[in-house]
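See below for entry_25.cif, which holds mmCIF, C-alpha atoms.
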data_my_file
#
loop_
_atom_site.label_atom_id
_atom_site.label_comp_id
_atom_site.auth_asym_id
_atom_site.auth_seq_id
_atom_site.Cartn_x
_atom_site.Cartn_y
_atom_site.Cartn_z
CA MET A 23 130.49 73.35 121.02
CA ASP A 24 130.28 74.36 124.64
CA LEU A 25 132.34 77.46 123.82
CA LEU A 26 129.85 78.74 121.26
CA ASN A 27 126.83 77.98 123.43
CA THR A 28 128.44 79.95 126.25
CA LEU A 29 129.25 82.87 123.95
CA VAL A 30 125.71 83.00 122.58
CA GLU A 31 124.23 82.99 126.07
CA LYS A 32 126.58 85.78 127.14
CA GLY A 33 125.87 87.78 123.99
CA LEU A 34 122.13 87.59 124.49
CA ARG A 35 122.62 88.88 128.04
CA ARG A 36 125.20 91.51 127.02
CA GLU A 37 127.81 89.90 129.21
CA THR A 38 131.53 90.17 128.54
CA PRO A 39 133.25 86.97 127.43
CA THR A 40 136.63 86.16 128.90
CA ARG A 41 139.82 86.88 126.99
CA GLU A 42 140.36 83.13 126.78
CA GLU A 43 136.97 82.68 125.12
CA ALA A 44 137.69 85.46 122.63
CA LEU A 45 141.05 83.93 121.76
CA ALA A 46 139.40 80.52 121.38
CA VAL A 47 137.09 81.94 118.67
CA LEU A 48 140.13 83.04 116.65
CA ALA A 49 141.67 79.58 117.14
CA THR A 50 138.70 77.59 115.80
CA SER A 51 139.27 75.41 112.75
CA ASP A 52 137.81 75.82 109.28
CA ASP A 53 135.67 72.75 109.98
CA GLU A 54 134.02 74.72 112.79
CA LEU A 55 133.65 77.98 110.83
CA LEU A 56 129.97 77.67 109.93
CA ASP A 57 129.16 76.88 113.54
CA VAL A 58 131.01 80.03 114.60
CA VAL A 59 129.14 82.14 112.05
CA ALA A 60 125.80 80.65 113.10
CA ALA A 61 126.49 81.36 116.77
CA ALA A 62 127.53 84.96 116.10
CA GLY A 63 124.44 85.27 113.91
CA LYS A 64 122.16 84.46 116.82
CA VAL A 65 123.63 87.37 118.77
CA ARG A 66 123.45 89.70 115.76
CA ARG A 67 119.78 88.88 115.12
CA GLN A 68 118.88 89.38 118.78
CA TRP A 69 119.97 93.04 118.68
CA PHE A 70 119.69 93.99 115.00
CA GLY A 71 117.36 91.54 113.32
CA ARG A 72 118.17 91.10 109.63
CA ARG A 73 118.80 94.78 108.96
CA VAL A 74 121.96 96.07 107.25
CA LYS A 75 122.91 99.70 107.73
CA LEU A 76 124.54 101.39 104.73
CA ASN A 77 127.21 104.05 105.18
CA TYR A 78 128.82 106.23 102.53
CA LEU A 79 132.27 107.82 102.56
CA VAL A 80 133.11 111.27 101.26
CA ASN A 81 136.83 112.02 101.20
CA LEU A 82 136.94 115.77 101.86
CA LYS A 83 140.73 116.11 101.55
CA SER A 84 142.89 113.40 100.02
CA GLY A 85 146.59 112.69 100.41
CA LEU A 86 149.43 114.95 101.58
CA CYS A 87 149.25 113.79 105.19
CA PRO A 88 152.13 114.57 107.60
CA GLU A 89 151.59 111.38 109.68
CA ASP A 90 153.66 108.24 109.10
CA CYS A 91 151.14 105.39 109.52
CA SER A 92 152.84 102.51 107.73
CA TYR A 93 149.70 101.09 106.14
CA CYS A 94 148.44 104.35 104.69
CA SER A 95 148.40 105.40 101.04
CA GLN A 96 148.11 109.05 102.14
CA ARG A 97 151.03 108.93 104.59
CA LEU A 98 154.11 111.08 104.58
CA GLY A 99 156.40 109.66 101.90
CA SER A 100 153.78 107.41 100.31
CA LYS A 101 154.49 106.53 96.70
CA ALA A 102 150.98 105.23 96.08
CA ASP A 103 149.47 106.82 92.97
CA ILE A 104 146.30 108.08 94.68
CA LEU A 105 144.13 111.14 94.13
CA LYS A 106 145.48 114.22 95.88
CA TYR A 107 143.34 117.29 96.46
CA THR A 108 142.61 119.87 99.11
CA TRP A 109 139.29 120.56 100.84
CA LEU A 110 136.08 120.04 98.87
CA LYS A 111 133.68 122.96 99.06
CA PRO A 112 130.51 122.32 101.08
CA ASP A 113 128.33 122.12 97.97
CA GLU A 114 130.76 119.68 96.33
CA ALA A 115 130.76 117.47 99.40
CA SER A 116 126.98 117.64 99.63
CA GLN A 117 126.67 116.60 96.00
CA ALA A 118 129.02 113.68 96.59
CA ALA A 119 127.05 112.63 99.68
CA ALA A 120 123.76 112.75 97.77
CA ALA A 121 124.91 109.93 95.50
CA GLY A 122 125.39 107.58 98.43
CA ILE A 123 122.13 108.63 100.08
CA ALA A 124 120.29 107.96 96.81
CA GLY A 125 121.76 104.46 96.89
CA GLY A 126 120.31 103.81 100.35
CA ALA A 127 123.03 105.10 102.67
CA LYS A 128 121.72 106.15 106.05
CA ARG A 129 124.96 107.68 107.28
CA VAL A 130 127.49 109.88 105.49
CA CYS A 131 131.06 109.75 106.79
CA LEU A 132 133.10 112.89 106.13
CA VAL A 133 136.81 112.09 106.22
CA ALA A 134 139.87 114.31 105.82
CA SER A 135 143.52 113.35 105.83
CA GLY A 136 145.85 114.97 108.32
CA ARG A 137 146.90 114.84 111.94
CA GLY A 138 143.84 116.75 113.08
CA PRO A 139 141.70 119.74 112.17
CA THR A 140 142.40 123.38 112.83
CA ASP A 141 139.54 125.46 114.21
CA ARG A 142 139.09 126.83 110.68
CA ASP A 143 138.82 123.25 109.38
CA VAL A 144 136.15 122.51 111.96
CA GLU A 145 134.18 125.55 110.78
CA ARG A 146 134.55 124.37 107.18
CA VAL A 147 133.31 120.88 108.03
CA GLY A 148 130.49 122.41 110.04
CA ARG A 149 129.28 124.25 106.93
CA THR A 150 129.54 121.01 104.98
CA ILE A 151 127.43 119.17 107.56
CA GLU A 152 124.81 121.90 107.41
CA ALA A 153 124.74 121.73 103.59
CA ILE A 154 124.28 117.95 103.62
CA LYS A 155 121.50 118.06 106.20
CA GLU A 156 119.67 120.87 104.42
CA GLN A 157 119.46 118.71 101.31
CA ASN A 158 118.87 115.34 102.99
CA GLU A 159 116.46 115.25 105.88
CA GLY A 160 117.16 112.59 108.48
CA VAL A 161 120.62 111.59 107.28
CA GLU A 162 123.26 110.86 109.92
CA VAL A 163 126.64 112.56 109.53
CA CYS A 164 129.83 111.20 111.05
CA ALA A 165 133.04 113.25 110.97
CA CYS A 166 136.50 111.69 110.82
CA LEU A 167 139.10 114.44 110.94
CA GLY A 168 141.89 113.07 113.10
CA LEU A 169 142.96 114.10 116.58
CA LEU A 170 140.63 116.62 118.21
CA SER A 171 141.64 119.60 120.34
CA ASP A 172 139.59 120.80 123.29
CA GLY A 173 136.23 122.21 122.23
CA GLN A 174 136.27 120.91 118.67
CA ALA A 175 133.96 117.97 119.32
CA GLU A 176 131.43 120.35 120.86
CA ARG A 177 131.60 122.62 117.81
CA LEU A 178 131.04 119.68 115.46
CA LYS A 179 128.09 118.61 117.58
CA SER A 180 126.62 122.12 117.40
CA ALA A 181 127.02 122.09 113.61
CA GLY A 182 124.87 118.96 113.40
CA ALA A 183 127.35 116.08 113.51
CA ASP A 184 125.84 112.92 114.92
CA ALA A 185 128.99 110.87 115.37
CA TYR A 186 132.77 111.01 115.33
CA ASN A 187 135.08 108.29 114.07
CA HIS A 188 138.59 107.71 115.34
CA ASN A 189 139.88 104.16 115.23
CA LEU A 190 142.17 102.59 117.81
CA ASN A 191 143.28 100.15 115.13
CA THR A 192 145.52 97.86 117.15
CA SER A 193 146.68 97.02 120.63
CA GLU A 194 148.41 99.61 122.76
CA GLY A 195 151.46 97.38 123.07
CA THR A 196 152.19 97.27 119.32
CA TYR A 197 150.90 100.68 118.25
CA GLY A 198 154.33 102.31 118.14
CA GLU A 199 155.57 99.76 115.61
CA ILE A 200 153.21 101.17 112.98
CA THR A 201 153.01 104.88 113.78
CA THR A 202 155.51 107.21 115.45
CA THR A 203 153.97 110.65 114.84
CA HIS A 204 151.13 110.16 117.34
CA THR A 205 150.34 107.69 120.10
CA TYR A 206 147.69 105.20 121.07
CA ALA A 207 146.84 107.48 124.01
CA ASP A 208 146.20 110.33 121.55
CA ARG A 209 143.57 108.22 119.84
CA VAL A 210 141.90 107.19 123.07
CA ASP A 211 141.76 110.84 124.10
CA THR A 212 139.98 111.84 120.90
CA VAL A 213 137.34 109.10 121.27
CA GLN A 214 136.75 110.26 124.83
CA LYS A 215 136.41 113.88 123.67
CA ALA A 216 133.76 112.84 121.15
CA HIS A 217 131.95 110.84 123.81
CA ALA A 218 131.96 113.73 126.26
CA ALA A 219 130.52 116.08 123.65
CA GLY A 220 127.48 113.83 123.15
CA LEU A 221 128.61 112.50 119.79
CA SER A 222 128.08 108.83 119.02
CA ALA A 223 131.55 107.31 119.25
CA CYS A 224 132.69 105.26 116.26
CA SER A 225 136.00 103.48 116.78
CA GLY A 226 137.35 100.26 115.38
CA LEU A 227 140.34 98.26 114.28
CA ILE A 228 142.27 97.07 111.31
CA ALA A 229 143.41 93.48 110.86
CA GLY A 230 146.00 92.00 108.56
CA MET A 231 149.12 93.95 109.56
CA GLY A 232 150.81 90.87 111.00
CA GLU A 233 149.30 91.30 114.46
CA THR A 234 148.84 88.36 116.80
CA ASP A 235 145.56 87.01 118.08
CA GLU A 236 146.38 88.59 121.43
CA ASP A 237 146.71 92.01 119.74
CA LEU A 238 143.29 91.62 118.16
CA VAL A 239 141.67 90.65 121.43
CA ASP A 240 143.43 93.50 123.24
CA VAL A 241 142.09 96.17 120.89
CA VAL A 242 138.54 94.79 120.85
CA PHE A 243 138.41 94.69 124.64
CA ALA A 244 139.74 98.27 124.66
CA LEU A 245 136.95 99.29 122.29
CA ARG A 246 134.41 97.69 124.59
CA GLU A 247 135.87 99.62 127.51
CA LEU A 248 135.58 102.88 125.50
CA ASP A 249 131.96 101.99 124.80
CA SER A 250 131.98 102.72 121.07
CA ASP A 251 128.54 102.62 119.50
CA SER A 252 129.98 101.56 116.16
CA VAL A 253 132.99 99.31 115.56
CA PRO A 254 134.30 99.30 112.00
CA VAL A 255 136.42 96.25 111.26
CA ASN A 256 138.94 97.09 108.54
CA PHE A 257 141.07 94.57 106.68
CA LEU A 258 144.38 95.92 105.39
CA ILE A 259 144.44 96.90 101.74
CA PRO A 260 148.13 96.42 100.92
CA PHE A 261 148.75 99.44 98.70
CA GLU A 262 151.85 99.51 96.53
CA GLY A 263 154.03 102.40 97.61
CA THR A 264 153.44 101.85 101.36
CA PRO A 265 155.65 99.98 103.86
CA LEU A 266 153.04 97.24 104.32
CA ALA A 267 152.41 96.62 100.62
CA LYS A 268 153.57 93.00 100.91
CA GLU A 269 151.47 92.12 103.97
CA TRP A 270 148.94 89.55 102.78
CA ASN A 271 148.07 87.79 106.04
CA LEU A 272 144.32 87.24 105.76
CA SER A 273 142.07 84.55 104.37
CA PRO A 274 138.27 84.82 104.10
CA GLN A 275 137.98 82.30 106.93
CA ARG A 276 140.19 84.33 109.26
CA CYS A 277 138.22 87.48 108.46
CA LEU A 278 135.01 85.73 109.48
CA ARG A 279 136.54 84.54 112.75
CA ILE A 280 137.71 88.08 113.52
CA LEU A 281 134.25 89.49 112.86
CA ALA A 282 132.68 86.82 115.04
CA MET A 283 135.06 87.59 117.90
CA VAL A 284 134.15 91.27 117.68
CA ARG A 285 130.45 90.43 117.74
CA PHE A 286 130.79 88.25 120.82
CA VAL A 287 132.81 90.88 122.71
CA CYS A 288 130.58 93.75 121.57
CA PRO A 289 127.20 92.06 121.11
CA ASP A 290 124.83 95.05 120.98
CA VAL A 291 126.80 97.59 118.95
CA GLU A 292 126.96 98.32 115.25
CA VAL A 293 129.66 96.04 113.85
CA ARG A 294 130.64 97.36 110.43
CA ILE A 295 132.52 95.48 107.73
CA ALA A 296 134.74 98.26 106.49
CA GLY A 297 137.78 98.68 104.21
CA GLY A 298 139.14 95.58 102.54
CA ARG A 299 136.06 93.37 102.60
CA GLU A 300 136.11 92.92 98.82
CA VAL A 301 139.84 92.16 98.85
CA HIS A 302 139.87 89.63 101.67
CA LEU A 303 136.35 88.24 102.20
CA ARG A 304 135.68 88.08 98.48
CA SER A 305 132.92 85.53 97.75
CA MET A 306 132.29 85.11 101.48
CA GLN A 307 131.01 88.67 101.92
CA PRO A 308 127.35 87.54 102.11
CA LEU A 309 128.23 85.09 104.90
CA ALA A 310 129.75 87.96 106.88
CA LEU A 311 126.39 89.75 106.90
CA ASN A 312 125.24 87.10 109.36
CA ILE A 313 127.73 88.60 111.84
CA ALA A 314 127.99 92.31 111.01
CA ASN A 315 124.99 94.61 110.65
CA SER A 316 126.63 97.46 108.74
CA ILE A 317 128.76 98.00 105.61
CA PHE A 318 130.05 100.82 103.43
CA LEU A 319 128.36 101.34 100.09
CA GLY A 320 130.52 101.68 96.99
CA ASP A 321 134.04 103.12 97.05
CA TYR A 322 136.34 103.94 99.95
CA LEU A 323 138.73 106.85 100.48
CA THR A 324 141.52 106.10 98.04
CA SER A 325 140.50 102.64 96.81
CA GLU A 326 137.60 101.33 94.79
CA GLY A 327 135.00 99.11 96.36
CA GLN A 328 132.34 96.81 95.01
CA ALA A 329 129.74 98.51 92.83
CA GLY A 330 126.92 100.00 94.89
CA GLN A 331 124.27 97.99 93.06
CA ALA A 332 126.24 94.82 93.68
CA ASP A 333 126.19 95.63 97.41
CA LEU A 334 122.41 96.04 97.33
CA ASP A 335 121.97 92.81 95.37
CA MET A 336 124.23 90.97 97.80
CA ILE A 337 122.16 92.12 100.78
CA ALA A 338 118.88 91.09 99.15
CA ASP A 339 120.19 87.75 97.88
CA ALA A 340 121.49 86.87 101.36
CA GLY A 341 118.02 87.42 102.83
CA PHE A 342 118.73 90.73 104.57
CA GLU A 343 117.15 94.13 104.19
CA VAL A 344 118.57 97.65 104.00
CA GLU A 345 117.88 99.58 107.18
CA GLY A 346 115.55 102.50 106.55
CA ALA A 347 116.23 106.09 107.54
CA GLY A 348 113.40 106.01 110.07
CA THR A 349 114.75 103.00 111.94
CA THR A 350 116.96 103.41 114.99
CA THR A 351 120.10 101.36 114.41
CA LEU A 352 121.04 100.53 117.99
CA PRO A 353 118.96 98.59 120.52
CA ALA A 354 116.69 100.72 122.69
CA HIS A 355 118.87 100.54 125.80
CA ARG A 356 121.79 102.08 123.91
CA ALA A 357 119.78 104.57 121.88
CA ASP A 358 118.01 105.82 124.99
CA ALA A 359 121.30 106.29 126.81
CA LEU A 360 122.71 108.39 123.98
CA ALA A 361 119.59 110.48 123.77
CA ALA A 362 119.86 111.16 127.48
CA ALA A 363 123.47 112.29 126.92
CA GLY A 364 122.38 114.68 124.18
CA GLY A 365 123.26 112.52 121.20
CA GLY A 366 121.11 111.37 118.35
CA CYS A 367 122.00 108.11 116.65
CA GLY A 368 123.67 105.73 119.07
CA SER A 369 124.18 105.24 122.77
CA HIS A 370 126.75 105.48 125.49
CA ALA A 371 126.73 103.64 128.75
CA SER A 372 128.52 105.45 131.53
CA ALA A 373 131.36 103.07 132.26
CA GLY A 374 130.58 99.45 131.70
CA GLY A 375 131.51 99.05 128.05
CA CYS A 376 129.70 98.27 124.85
CA GLY A 377 127.89 95.20 126.06
CA SER A 378 126.98 96.40 129.52
CA GLU A 379 123.64 97.46 130.88
CA ALA A 380 122.95 101.08 129.93
CA ALA A 381 122.63 102.07 133.56
CA ALA A 382 125.93 100.45 134.44
CA GLY A 383 127.72 101.50 131.92
CA CYS A 384 132.54 98.45 119.62
CA GLY A 385 133.53 104.49 112.15
CA SER A 386 134.02 105.52 110.79
CA ASP A 387 136.34 105.43 108.20
CA ALA A 388 136.20 102.31 106.17
CA ASP A 389 139.46 102.30 104.33
CA ALA A 390 142.80 100.84 105.23
CA THR A 391 144.15 103.79 103.28
CA ALA A 392 142.77 106.69 105.25
CA GLY A 393 144.91 109.60 106.24
CA GLY A 394 146.70 110.72 109.35
CA GLY A 395 144.96 110.87 112.67
CA CYS A 396 141.70 109.28 111.47
CA GLY A 397 142.97 106.33 109.53
CA PRO A 398 143.14 102.79 110.84
CA CYS A 399 146.35 100.92 111.39
CA GLY A 400 147.49 97.76 113.13
CA GLY A 401 150.19 95.89 114.95
CA HIS A 402 153.20 94.53 113.14
CA ALA A 403 154.18 91.59 115.27
CA GLN A 404 154.70 88.24 113.58
CA ALA A 405 151.39 86.61 112.70
CA PRO A 406 150.71 82.96 113.47
CA ALA A 407 151.74 80.80 110.52
CA GLU A 408 148.22 79.46 110.01
CA ALA A 409 146.87 82.96 109.47
CA SER A 410 149.23 83.88 106.63
CA VAL A 411 148.35 83.74 102.96
CA PRO A 412 151.18 82.56 100.68
CA ALA A 413 152.55 85.34 98.48
CA SER A 414 151.46 83.38 95.43
CA GLU A 415 147.84 83.76 96.59
CA ALA A 416 147.98 87.52 97.14
CA ARG A 417 145.12 89.10 95.20
CA THR A 418 146.75 92.30 94.03
CA ASP A 419 144.24 92.37 91.16
CA LEU A 420 141.58 93.36 93.71
CA VAL A 421 143.40 96.52 94.84
CA ALA A 422 142.36 99.44 92.65
CA VAL A 423 143.03 103.13 93.25
CA ARG A 424 139.89 105.28 93.31
CA ARG A 425 139.63 107.50 90.23
CA ARG A 426 135.99 108.55 90.50
CA GLY A 427 133.61 110.29 92.86
CA ALA A 428 134.73 112.96 95.32
CA GLY A 429 137.55 115.13 94.01
CA THR A 430 137.03 114.07 90.38
CA ASP A 431 134.70 114.90 87.51
CA LEU A 432 133.45 111.32 87.31
CA ALA A 433 130.28 109.94 88.87
CA PRO A 434 130.74 108.02 92.14
CA ASN A 435 130.30 104.28 92.42
CA ALA A 436 127.17 104.29 94.55
#
Can you give me the file's structure in the form of structure tokens?
Amino acid sequence: MDLLNTLVEKGLRRETPTREEALAVLATSDDELLDVVAAAGKVRRQWFGRRVKLNYLVNLKSGLCPEDCSYCSQRLGSKADILKYTWLKPDEASQAAAAGIAGGAKRVCLVASGRGPTDRDVERVGRTIEAIKEQNEGVEVCACLGLLSDGQAERLKSAGADAYNHNLNTSEGTYGEITTTHTYADRVDTVQKAHAAGLSACSGLIAGMGETDEDLVDVVFALRELDSDSVPVNFLIPFEGTPLAKEWNLSPQRCLRILAMVRFVCPDVEVRIAGGREVHLRSMQPLALNIANSIFLGDYLTSEGQAGQADLDMIADAGFEVEGAGTTTLPAHRADALAAAGGGCGSHASAGGCGSEAAAGCGSDADATAGGGCGPCGGHAQAPAEASVPASEARTDLVAVRRRGAGTDLAPNA
């Protein structure tokens, strides 16, 4: 296909595709799907080889969130039967993180429900970061605490944080249909605060809320403009007890097309398959590794994921390798730019977006059930008919509430 050849050439040169080209990827047929995956794979291998970065989530504070994100199991008024607990102590969080690191995780993502942290919360998370790094040399730590106030990103950076996750989730035009207690602009502001503090920016999206193709393209282009080093792609986990519990709009094929579109628009950044991959990609998860270069290991925030050993087996069986702690994830031009800005694990161009030349210048939380200001959400416009999954095919058997790991007395699934 001329379209795919063009997109590969642009991806290898870090050039931005047009919106029409991005939309055309989402409109490809199932007969063309393997060609789409192969084309996106060429771009992925150019910048990341056959490496897969493993990330591990630690839910520092679960449930009881005052925000009203419609997708979220931790939202205000949620009836989802999830774990609810207040802040883990630094040693408890460090112990939880160690399980993921032992399983091969290179980055630990510290997530807390809520609108955003108080200064006291930032100090608490700072002590947790220090505890994790004292016990695990070389590990990356990403914080995901919601909306940041002035100076908080700098304090997290000083405490040893490498990255900050705050997802845009959906297009600006449809954001208000999902969340009313904060705005799209609030989220953009927090990503920019993290960027300015020298933290590696992690910001992504969530698909499956009923958004249109145009919404998906809008948010991915916005992520490119923000120059996120890492773009987690979440797929809605329709939790019972939330307003979007009946939204089953994704097929494995559509998930692959969405991932490919993200890769073409953001060719040289860490594209992470995040929450919902087990629910929606199912047996096609290994195929998705040809597009994305990063996944979460084991469980998510309030839902259970695939067993950690199954993740490792999947990576090996698909012919990929786990990225080692001593390997720089991002291509040199991005890593060098971040280092020059005072960061440590990614890169920021100055203005040109995630695929631009470094001189000219898309985290993360991985669950479609994260809390408050840090959790992903999506648009709620009517989805195209071809993208919907009949209610009879909804795989509710794949949605399981997390009952182990952080905040419990049971061993984590890592």
Need the shell around A:Val147: protein/DNA/RNA residues with any atom at most 9 Å away, counting only C-alpha atoms. Skip same-chain ones fewer than 3 positions apart. Format as a VMD selection string? chain A and resid 82 112 132 142 to 144 150 to 152 165 178 181
Please enumerate the residues selected by the PyMOL selection byres ((chain A and resi 302) around 12) when evaluated against the supplied file, formatted as number ranges by chain. A: 229-230, 256-260, 270-278, 295-301, 303-307, 310, 327, 411, 415-421
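Considering the residues A:Val59, A:Leu110, A:Val287, A:Leu221 and counting all atoms listed in the file, A:Glu37 has its shortest atom-to-atom contact with A:Val287.
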Just checking: using only C-alpha atoms, which residue out of A:Leu248, A:Ala433, A:Leu266, A:Ala153 ends up closest to A:Glu199? A:Leu266
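Taking atom CA of A:Cys131 as the reference point, atom CA of A:Asn189 is found at 13.4 Å.
Taking atom CA of A:Ser250 and atom CA of A:Cys224 as endpoints, the distance between them is 5.5 Å.
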Looking at A:Val291, A:Leu170, A:Val239, A:Cys91, which one is nearest to A:Ala357, with distances taken over all atoms listed in the file? A:Val291
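Between atom CA of A:Leu45 and atom CA of A:Val213 the interatomic distance comes to 25.4 Å.
Compared by their closest atoms to A:Cys288, and using only C-alpha atoms, the residues A:Met23, A:Lys32, A:Leu76, A:Met231 rank with A:Lys32 nearest.
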Please provide the set of residues having any atom within 12 Å of A:Gln157, restricted to only C-alpha atoms, with same-chain residues fewer than 2 positions apart removed, written as a PyMOL selection string. chain A and resi 112-113+115-121+123-124+150-155+159-161
Quick one: of A:Arg41, A:Arg72, A:Arg146, A:Lys268, who's nearest to A:Leu29, counting all atoms listed in the file? A:Arg41
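Against this structure, the PyMOL selection byres ((chain A and resi 47) around 10) ends up with Leu25, Leu26, Leu29, Glu42, Glu43, Ala44, Leu45, Ala46, Leu48, Ala49, Thr50, Ser51, Glu54, Leu55, Val58, Asp235, Arg279, Ile280, Leu281, Ala282, Met283, Val284 and Phe286 of chain A.
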Only C-alpha atoms, please: the residues just picked out, written as a CSV table (one decimal), keeping the file's coordinate frame.
chain,number,residue,atom,x,y,z
A,25,LEU,CA,132.3,77.5,123.8
A,26,LEU,CA,129.8,78.7,121.3
A,29,LEU,CA,129.2,82.9,124.0
A,42,GLU,CA,140.4,83.1,126.8
A,43,GLU,CA,137.0,82.7,125.1
A,44,ALA,CA,137.7,85.5,122.6
A,45,LEU,CA,141.0,83.9,121.8
A,46,ALA,CA,139.4,80.5,121.4
A,48,LEU,CA,140.1,83.0,116.6
A,49,ALA,CA,141.7,79.6,117.1
A,50,THR,CA,138.7,77.6,115.8
A,51,SER,CA,139.3,75.4,112.8
A,54,GLU,CA,134.0,74.7,112.8
A,55,LEU,CA,133.6,78.0,110.8
A,58,VAL,CA,131.0,80.0,114.6
A,235,ASP,CA,145.6,87.0,118.1
A,279,ARG,CA,136.5,84.5,112.8
A,280,ILE,CA,137.7,88.1,113.5
A,281,LEU,CA,134.2,89.5,112.9
A,282,ALA,CA,132.7,86.8,115.0
A,283,MET,CA,135.1,87.6,117.9
A,284,VAL,CA,134.2,91.3,117.7
A,286,PHE,CA,130.8,88.2,120.8
Might you spell out which residues the PyMOL selection byres ((chain A and resi 428) around 7) would select in the displayed file, as a list in words? Val80, Asn81, Ala118, Arg426, Gly427, Gly429 and Thr430 of chain A
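Taking only C-alpha atoms into account, A:Gly63 lies nearest to A:Ala314 out of the set A:Gly330, A:Gly348, A:Ala314, A:His217.
Residues in contact with stretch 316-319 of chain A at up to 8 Å, not including ones fewer than 4 positions away on its chain and judged by all atoms listed in the file, are Val74, Lys75, Leu76, Asn77, Tyr78, Leu79, Gly122, Gly125, Ala127, Glu292, Val293, Arg294, Ile295, Ala296, Leu311, Gly327, Gln328, Ala329, Gly330, Asp333, Ala388 and Ala436 of chain A.
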